[in-house]
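Here is input17.cif, consisting of mmCIF, C-alpha atoms:
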```
data_start
loop_
_atom_site.label_atom_id
_atom_site.label_comp_id
_atom_site.auth_asym_id
_atom_site.auth_seq_id
_atom_site.Cartn_x
_atom_site.Cartn_y
_atom_site.Cartn_z
CA MET A 1 -37.08 -33.42 -50.55
CA THR A 2 -36.13 -31.52 -47.42
CA THR A 3 -37.65 -33.27 -44.44
CA LEU A 4 -39.25 -31.93 -41.27
CA ALA A 5 -36.36 -33.46 -39.33
CA GLU A 6 -33.84 -31.48 -41.37
CA LEU A 7 -35.86 -28.29 -40.91
CA CYS A 8 -35.81 -28.86 -37.14
CA ILE A 9 -32.07 -29.56 -37.17
CA ALA A 10 -31.44 -26.20 -38.87
CA ALA A 11 -33.76 -24.48 -36.36
CA VAL A 12 -31.89 -26.13 -33.47
CA ALA A 13 -28.61 -24.89 -34.92
CA GLU A 14 -29.93 -21.33 -34.73
CA ALA A 15 -30.66 -21.82 -31.03
CA PHE A 16 -26.94 -22.48 -30.55
CA ARG A 17 -25.74 -19.40 -32.43
CA ASP A 18 -23.11 -17.96 -30.09
CA GLU A 19 -19.81 -16.13 -30.45
CA ARG A 20 -18.41 -17.44 -27.16
CA GLU A 21 -16.55 -20.64 -26.39
CA MET A 22 -19.30 -22.88 -25.05
CA ILE A 23 -20.00 -26.57 -24.71
CA GLY A 24 -23.13 -27.43 -26.67
CA THR A 25 -25.01 -30.48 -25.45
CA GLY A 26 -27.73 -31.76 -27.73
CA ILE A 27 -29.56 -34.66 -26.09
CA GLY A 28 -31.17 -36.83 -28.76
CA PRO A 29 -30.51 -37.10 -32.51
CA ILE A 30 -32.12 -33.82 -33.67
CA PRO A 31 -30.53 -31.63 -30.95
CA ARG A 32 -27.16 -33.33 -31.37
CA LEU A 33 -27.17 -32.84 -35.12
CA GLY A 34 -28.24 -29.23 -34.62
CA VAL A 35 -25.27 -28.54 -32.34
CA GLY A 36 -22.93 -30.10 -34.87
CA LEU A 37 -24.43 -28.02 -37.67
CA ALA A 38 -24.00 -24.84 -35.60
CA LYS A 39 -20.36 -25.71 -34.91
CA LEU A 40 -19.57 -26.28 -38.59
CA THR A 41 -21.31 -23.12 -39.80
CA HIS A 42 -21.92 -20.01 -37.73
CA SER A 43 -20.56 -20.85 -34.26
CA PRO A 44 -17.03 -22.30 -34.49
CA GLY A 45 -16.40 -21.65 -30.78
CA LEU A 46 -18.76 -24.44 -29.78
CA MET A 47 -17.23 -27.53 -28.22
CA MET A 48 -18.88 -30.88 -27.60
CA THR A 49 -18.39 -34.11 -25.73
CA ASP A 50 -18.25 -37.51 -27.37
CA GLY A 51 -20.90 -38.72 -24.92
CA GLU A 52 -18.33 -40.76 -23.04
CA ALA A 53 -15.25 -39.14 -21.53
CA TYR A 54 -13.68 -36.78 -24.06
CA LEU A 55 -14.02 -33.19 -25.22
CA VAL A 56 -14.15 -32.94 -29.01
CA GLU A 57 -13.68 -30.05 -31.40
CA GLN A 58 -15.45 -31.75 -34.29
CA PRO A 59 -18.93 -33.30 -34.12
CA VAL A 60 -18.99 -37.07 -33.82
CA PRO A 61 -21.33 -38.53 -36.49
CA LEU A 62 -24.36 -40.50 -35.34
CA GLY A 63 -24.47 -44.26 -35.56
CA PRO A 64 -21.79 -46.94 -35.93
CA ARG A 65 -18.25 -45.64 -36.33
CA GLY A 66 -14.69 -46.58 -35.67
CA TYR A 67 -14.02 -45.87 -32.01
CA ASP A 68 -10.77 -44.07 -32.82
CA ASP A 69 -12.41 -41.78 -35.40
CA ARG A 70 -12.87 -39.15 -32.67
CA LYS A 71 -10.50 -36.23 -32.63
CA ALA A 72 -10.35 -35.70 -28.89
CA ALA A 73 -9.32 -32.26 -27.67
CA GLY A 74 -8.99 -33.39 -24.09
CA TYR A 75 -10.03 -35.77 -21.38
CA LEU A 76 -13.41 -34.78 -19.94
CA PRO A 77 -14.83 -37.24 -17.41
CA PHE A 78 -18.16 -36.48 -15.78
CA SER A 79 -16.71 -34.77 -12.71
CA ARG A 80 -14.48 -32.48 -14.76
CA PHE A 81 -17.38 -31.67 -17.06
CA PHE A 82 -19.26 -30.24 -14.06
CA ASP A 83 -16.28 -28.13 -13.00
CA SER A 84 -15.39 -26.79 -16.44
CA ALA A 85 -18.81 -26.26 -17.98
CA VAL A 86 -21.90 -26.82 -15.86
CA TRP A 87 -21.14 -24.83 -12.71
CA THR A 88 -19.37 -22.08 -14.64
CA GLY A 89 -22.30 -21.44 -16.99
CA ARG A 90 -20.27 -22.38 -20.08
CA ARG A 91 -22.78 -24.91 -21.33
CA HIS A 92 -25.95 -24.72 -23.39
CA ALA A 93 -28.05 -27.88 -23.35
CA MET A 94 -31.10 -28.83 -25.41
CA VAL A 95 -33.34 -31.36 -23.69
CA THR A 96 -36.72 -33.04 -24.26
CA PRO A 97 -38.85 -32.90 -21.11
CA THR A 98 -42.15 -34.74 -20.78
CA GLN A 99 -44.09 -31.64 -19.72
CA VAL A 100 -43.52 -27.89 -20.11
CA ASP A 101 -45.70 -25.08 -18.78
CA ARG A 102 -46.20 -21.45 -19.82
CA PHE A 103 -43.17 -20.16 -17.93
CA GLY A 104 -40.76 -22.93 -18.87
CA GLN A 105 -40.96 -25.15 -15.80
CA THR A 106 -40.32 -28.72 -16.93
CA ASN A 107 -41.18 -32.20 -15.74
CA LEU A 108 -39.14 -35.32 -16.30
CA SER A 109 -40.04 -36.95 -12.99
CA ALA A 110 -43.59 -38.29 -12.67
CA LEU A 111 -47.16 -37.84 -13.88
CA GLY A 112 -50.33 -37.67 -11.81
CA GLY A 113 -51.04 -39.16 -8.40
CA THR A 114 -49.17 -37.95 -5.34
CA HIS A 115 -45.52 -37.28 -4.69
CA ALA A 116 -45.25 -40.56 -2.78
CA GLN A 117 -47.32 -42.56 -5.26
CA PRO A 118 -47.41 -41.05 -8.74
CA LYS A 119 -49.60 -42.48 -11.45
CA THR A 120 -46.61 -42.81 -13.78
CA GLN A 121 -43.01 -42.80 -12.57
CA MET A 122 -40.49 -41.58 -15.13
CA LEU A 123 -36.74 -40.97 -15.06
CA GLY A 124 -36.68 -38.64 -12.09
CA ALA A 125 -35.35 -35.10 -12.15
CA ARG A 126 -31.85 -36.29 -13.15
CA GLY A 127 -29.60 -33.25 -13.70
CA PHE A 128 -32.46 -30.89 -14.50
CA PRO A 129 -32.53 -28.94 -11.19
CA GLY A 130 -28.85 -27.97 -11.34
CA ASN A 131 -28.77 -27.49 -15.09
CA GLY A 132 -31.75 -25.17 -14.81
CA ILE A 133 -29.95 -22.67 -12.57
CA TYR A 134 -26.37 -22.89 -13.80
CA HIS A 135 -26.43 -22.63 -17.59
CA ALA A 136 -28.51 -21.94 -20.68
CA ASN A 137 -31.16 -24.45 -21.73
CA SER A 138 -33.35 -24.99 -24.77
CA MET A 139 -35.85 -27.72 -25.64
CA PHE A 140 -36.79 -29.95 -28.54
CA ILE A 141 -40.34 -31.33 -28.53
CA PRO A 142 -41.03 -33.79 -31.39
CA ALA A 143 -44.81 -34.03 -30.76
CA HIS A 144 -46.31 -30.64 -29.96
CA GLY A 145 -49.52 -31.25 -28.00
CA PRO A 146 -51.41 -30.27 -24.83
CA ARG A 147 -50.09 -33.30 -22.95
CA VAL A 148 -46.62 -31.78 -23.27
CA PHE A 149 -47.45 -28.07 -23.17
CA VAL A 150 -49.79 -28.32 -20.21
CA ALA A 151 -52.37 -25.98 -18.73
CA GLY A 152 -51.42 -24.62 -15.31
CA GLU A 153 -48.21 -26.03 -13.89
CA VAL A 154 -46.35 -29.21 -14.74
CA ASP A 155 -47.17 -32.18 -12.46
CA ARG A 156 -43.69 -32.13 -10.90
CA ILE A 157 -41.13 -29.37 -11.28
CA SER A 158 -37.89 -30.98 -12.43
CA SER A 159 -36.27 -27.70 -13.47
CA PRO A 160 -37.21 -24.11 -12.70
CA GLY A 161 -38.69 -21.59 -15.09
CA TYR A 162 -39.84 -18.01 -14.94
CA ASN A 163 -43.14 -18.50 -13.08
CA PRO A 164 -43.51 -15.31 -10.97
CA ALA A 165 -45.71 -17.20 -8.50
CA ARG A 166 -42.72 -19.39 -7.63
CA ARG A 167 -40.40 -16.50 -6.83
CA ILE A 168 -39.32 -16.17 -3.21
CA ALA A 169 -38.33 -12.75 -1.87
CA GLY A 170 -34.55 -12.45 -1.83
CA GLY A 171 -34.03 -15.45 -4.06
CA ASN A 172 -31.37 -15.40 -6.77
CA TYR A 173 -32.85 -16.41 -10.11
CA SER A 174 -30.24 -14.77 -12.32
CA GLY A 175 -28.90 -18.11 -13.57
CA ILE A 176 -32.16 -19.19 -15.20
CA ASP A 177 -31.59 -18.78 -18.93
CA LEU A 178 -34.17 -20.45 -21.18
CA ARG A 179 -33.54 -19.82 -24.87
CA ARG A 180 -35.57 -21.65 -27.50
CA ILE A 181 -38.12 -24.40 -28.00
CA VAL A 182 -38.14 -26.19 -31.35
CA THR A 183 -41.15 -28.43 -32.03
CA ASN A 184 -42.63 -30.24 -35.02
CA LEU A 185 -44.88 -27.20 -35.57
CA CYS A 186 -42.92 -24.07 -34.75
CA VAL A 187 -40.09 -22.29 -32.97
CA MET A 188 -40.81 -20.53 -29.66
CA ASP A 189 -38.90 -18.48 -27.13
CA PHE A 190 -39.44 -16.87 -23.74
CA GLY A 191 -39.79 -13.26 -24.84
CA GLY A 192 -43.32 -12.65 -23.57
CA PRO A 193 -44.38 -10.76 -20.41
CA ASP A 194 -42.65 -12.30 -17.37
CA HIS A 195 -40.75 -14.47 -19.88
CA ALA A 196 -43.89 -16.31 -21.00
CA ILE A 197 -43.60 -18.54 -24.07
CA ARG A 198 -44.30 -16.97 -27.44
CA VAL A 199 -44.24 -18.30 -31.02
CA VAL A 200 -41.50 -16.66 -33.10
CA ALA A 201 -41.63 -18.76 -36.30
CA LEU A 202 -44.11 -21.18 -37.83
CA HIS A 203 -42.93 -24.15 -39.87
CA PRO A 204 -43.98 -23.99 -43.54
CA GLY A 205 -47.72 -24.64 -43.91
CA VAL A 206 -48.49 -24.37 -40.17
CA ALA A 207 -50.93 -21.72 -38.90
CA PHE A 208 -50.72 -20.09 -35.47
CA ALA A 209 -54.23 -21.35 -34.67
CA GLU A 210 -53.00 -24.93 -35.12
CA VAL A 211 -50.16 -24.36 -32.67
CA GLN A 212 -52.50 -22.74 -30.16
CA GLU A 213 -54.93 -25.64 -30.40
CA ALA A 214 -52.08 -28.02 -29.60
CA THR A 215 -51.06 -26.04 -26.51
CA GLY A 216 -52.68 -26.12 -23.07
CA PHE A 217 -52.05 -22.44 -22.30
CA ASP A 218 -52.43 -19.16 -24.17
CA LEU A 219 -49.53 -18.47 -26.49
CA ILE A 220 -48.25 -15.12 -27.68
CA ASP A 221 -48.19 -14.74 -31.45
CA ALA A 222 -44.89 -13.07 -32.26
CA ALA A 223 -44.29 -15.02 -35.49
CA GLN A 224 -42.78 -12.87 -38.22
CA GLY A 225 -42.53 -15.54 -40.85
CA GLU A 226 -41.76 -19.17 -41.54
CA THR A 227 -38.92 -21.22 -40.12
CA PRO A 228 -36.19 -21.03 -42.80
CA LEU A 229 -35.53 -24.17 -44.79
CA PRO A 230 -31.96 -25.49 -44.55
CA THR A 231 -29.67 -24.51 -47.39
CA ALA A 232 -27.98 -26.99 -49.72
CA ASP A 233 -24.73 -26.52 -47.77
CA GLN A 234 -26.51 -27.19 -44.48
CA LEU A 235 -28.15 -30.32 -45.88
CA ALA A 236 -24.75 -31.60 -47.00
CA ILE A 237 -23.34 -31.09 -43.50
CA ILE A 238 -26.35 -32.80 -41.93
CA GLU A 239 -25.84 -35.78 -44.23
CA SER A 240 -22.18 -36.00 -43.25
CA LEU A 241 -23.10 -35.96 -39.55
CA ASP A 242 -25.86 -38.55 -39.99
CA PRO A 243 -24.62 -40.96 -42.69
CA HIS A 244 -26.97 -43.71 -41.48
CA GLY A 245 -30.10 -41.54 -41.76
CA ILE A 246 -31.13 -41.75 -38.13
CA ARG A 247 -32.82 -38.35 -38.49
CA HIS A 248 -35.37 -39.92 -40.83
CA THR A 249 -36.73 -42.09 -38.01
CA ILE A 250 -37.63 -39.27 -35.61
CA PHE A 251 -41.01 -38.34 -37.09
CA LYS A 252 -43.56 -40.89 -38.26
CA ASP A 253 -43.39 -41.43 -42.03
CA ASN A 254 -40.53 -38.89 -42.27
CA PRO A 255 -42.72 -35.99 -43.50
CA ALA A 256 -41.55 -33.18 -45.74
CA ALA A 257 -40.59 -29.82 -44.26
CA GLU A 258 -43.13 -28.02 -46.43
CA ARG A 259 -46.78 -28.99 -46.27
CA SER A 260 -50.06 -27.52 -47.34
CA ALA A 261 -51.82 -25.32 -44.80
CA ALA A 262 -54.57 -27.16 -42.90
#
```
Output the file's structure as structure tokens, nothing else.
Amino acid sequence: MTTLAELCIAAVAEAFRDEREMIGTGIGPIPRLGVGLAKLTHSPGLMMTDGEAYLVEQPVPLGPRGYDDRKAAGYLPFSRFFDSAVWTGRRHAMVTPTQVDRFGQTNLSALGGTHAQPKTQMLGARGFPGNGIYHANSMFIPAHGPRVFVAGEVDRISSPGYNPARRIAGGNYSGIDLRRIVTNLCVMDFGGPDHAIRVVALHPGVAFAEVQEATGFDLIDAAQGETPLPTADQLAIIESLDPHGIRHTIFKDNPAAERSAA
């Protein structure tokens, strides 16, 4: 049985399809496995980090491993990573923000209340502000719902999007490059008017109305079919990158990729 997690991994891999030499950063098990799958199939120019201090040419499997199993291509401490990839635009990251709005502004900082006294304090903006203007970004959302895809604007703007109301005359917004959003229901991009979010593929058995109901703003229906199921070769690669089955813990009860329409 192909699982929803494996379907999402294959969809994430498509988000990283690129002919250039880029560093792919997948934050979290599904994005990380998707980057590895992309590297080992259609995008051999992708490079990765081991999550510590090295640049690697081959994906590092999830879970326990021998520390020396890495095949390091070079030393890449945090400061050098900024110089070689982040500030030069040679990075594509996939992140999981807490809130996203119609034009791709994200929130990882705080919910509700005031700036000085939020109702819920989260991680803070972290690297989101700089990442949002220097290199490409995509998102993975494991629980598609209106608390994530919010009406209006996000409570705090941790990274910029395409909101025309936030544009300042003379500002340089050329570095904002939002690519894909993969969720447990569908695949979306920013191809709508003014780069608004639109649905480009529905997971097997999911209807557009279900996605719209789970979203706090109006979506654009540009779906031309279902999200492709991973091939047997892709599933074998995913298994090799996740020998401990961590992917099976991402969604409750590890559902199948294909389900009956609601």
Output of the PyMOL selection byres ((chain A and resi 171-182) around 7), listed as a ChimeraX atom specification: /A:8,11-12,15,132-141,161,168-170,183,186-190
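Residues in contact range of Val60 (chain A), defined as at most 12 Å between all atoms listed in the file, with sequence neighbours fewer than 6 positions away removed, read Gly26, Pro29, Arg32, Leu33, Val35, Gly36, Leu37, Lys39, Leu40, Met47, Met48, Thr49, Asp50, Gly51, Glu52, Tyr54, Gly66, Tyr67, Asp68, Asp69, Arg70, Lys71, Ala72, Ile238, Ser240, Leu241, Asp242 and Pro243 of chain A.
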The PyMOL selection byres ((chain A and resi 158) around 9) applied to the shown file, residues as a list in words: Pro97, Gln105, Thr106, Asn107, Leu108, Ser109, Gly124, Ala125, Arg126, Gly127, Phe128, Pro129, Gly132, Val154, Arg156, Ile157, Ser159 and Pro160 of chain A
Proximity to Thr215 (chain A) - best of A:Thr114, A:Gln99, A:Thr227, A:Gln234, all atoms listed in the file: A:Gln99
Separation of CA of Ser79 (chain A) from CA of Leu123 (chain A), in Å and rounded to one decimal: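 It comes out at 21.1 Å.
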Ser84 (chain A) surroundings by all atoms listed in the file, 12 Å radius, close-in-sequence under 4 positions cut, as a ChimeraX atom specification: /A:21-23,47,55,74-80,88-91,134-135
For CA of Glu258 (chain A) and CA of Arg102 (chain A), the interatomic separation in Å (one decimal): 27.6 Å
Between CA of Asn163 (chain A) and CA of Glu14 (chain A) - distance in Å to one decimal: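 Atom-to-atom, CA of Glu14 (chain A) to CA of Asn163 (chain A), that is 25.5 Å.
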Report as a tab-separated table: every residue of region 20-119 of chain A with an atom at most 10 Å from region 191-196 of chain A, its closest pair of atoms, and their distance in Å to one decimal, counting only C-alpha atoms, with rows sorted by chain and ascending residue number.
```
residue	atom	partner	partner_atom	distance
A:Asp101	CA	A:Ala196	CA	9.2
A:Arg102	CA	A:Ala196	CA	5.8
A:Phe103	CA	A:Ala196	CA	5.0
A:Gly104	CA	A:Ala196	CA	7.6
```
From A:Leu219, A:Val150, A:Leu235, A:Leu185, residue lying nearest Ile197 (chain A) [all atoms listed in the file]: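 Nearest candidate to Ile197 (chain A) out of A:Leu219, A:Val150, A:Leu235, A:Leu185: A:Leu219.
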Counting all atoms listed in the file, the residue of A:Pro146, A:Gly34, A:Pro204, A:Gly130 that sits nearest Phe217 (chain A):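 Distance minimum relative to Phe217 (chain A) lands on A:Pro146.
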The PyMOL selection byres ((chain A and resi 17) around 7) applied to the shown file, residues as a short mmCIF file (atom, residue, chain, number, x, y, z; two decimals) with C-alpha atoms, keeping the file's coordinate frame:
```
data_model
loop_
_atom_site.label_atom_id
_atom_site.label_comp_id
_atom_site.auth_asym_id
_atom_site.auth_seq_id
_atom_site.Cartn_x
_atom_site.Cartn_y
_atom_site.Cartn_z
CA ALA A 13 -28.61 -24.89 -34.92
CA GLU A 14 -29.93 -21.33 -34.73
CA ALA A 15 -30.66 -21.82 -31.03
CA PHE A 16 -26.94 -22.48 -30.55
CA ASP A 18 -23.11 -17.96 -30.09
CA ALA A 38 -24.00 -24.84 -35.60
CA HIS A 42 -21.92 -20.01 -37.73
CA SER A 43 -20.56 -20.85 -34.26
#
```
Contacts of Ala257 (chain A) at 9 Å (only C-alpha atoms; same-chain gap of 6+ positions) as a list in words: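 The neighbour list is Met1, Thr2, Thr3, Leu4, Ala5, Glu6, Leu7, Cys8, His203, Pro204, Gly205 and Leu229 of chain A.
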Please define a box with edges along x, y and z of the file around all atoms of region 31-46 of chain A given in the file, extend it by 6 Å on each side, and return its centre and edge lengths in Å to one decimal, as JSON.
```
{"center_x": -23.5, "center_y": -26.7, "center_z": -34.8, "size_x": 26.1, "size_y": 25.3, "size_z": 22.0}
```
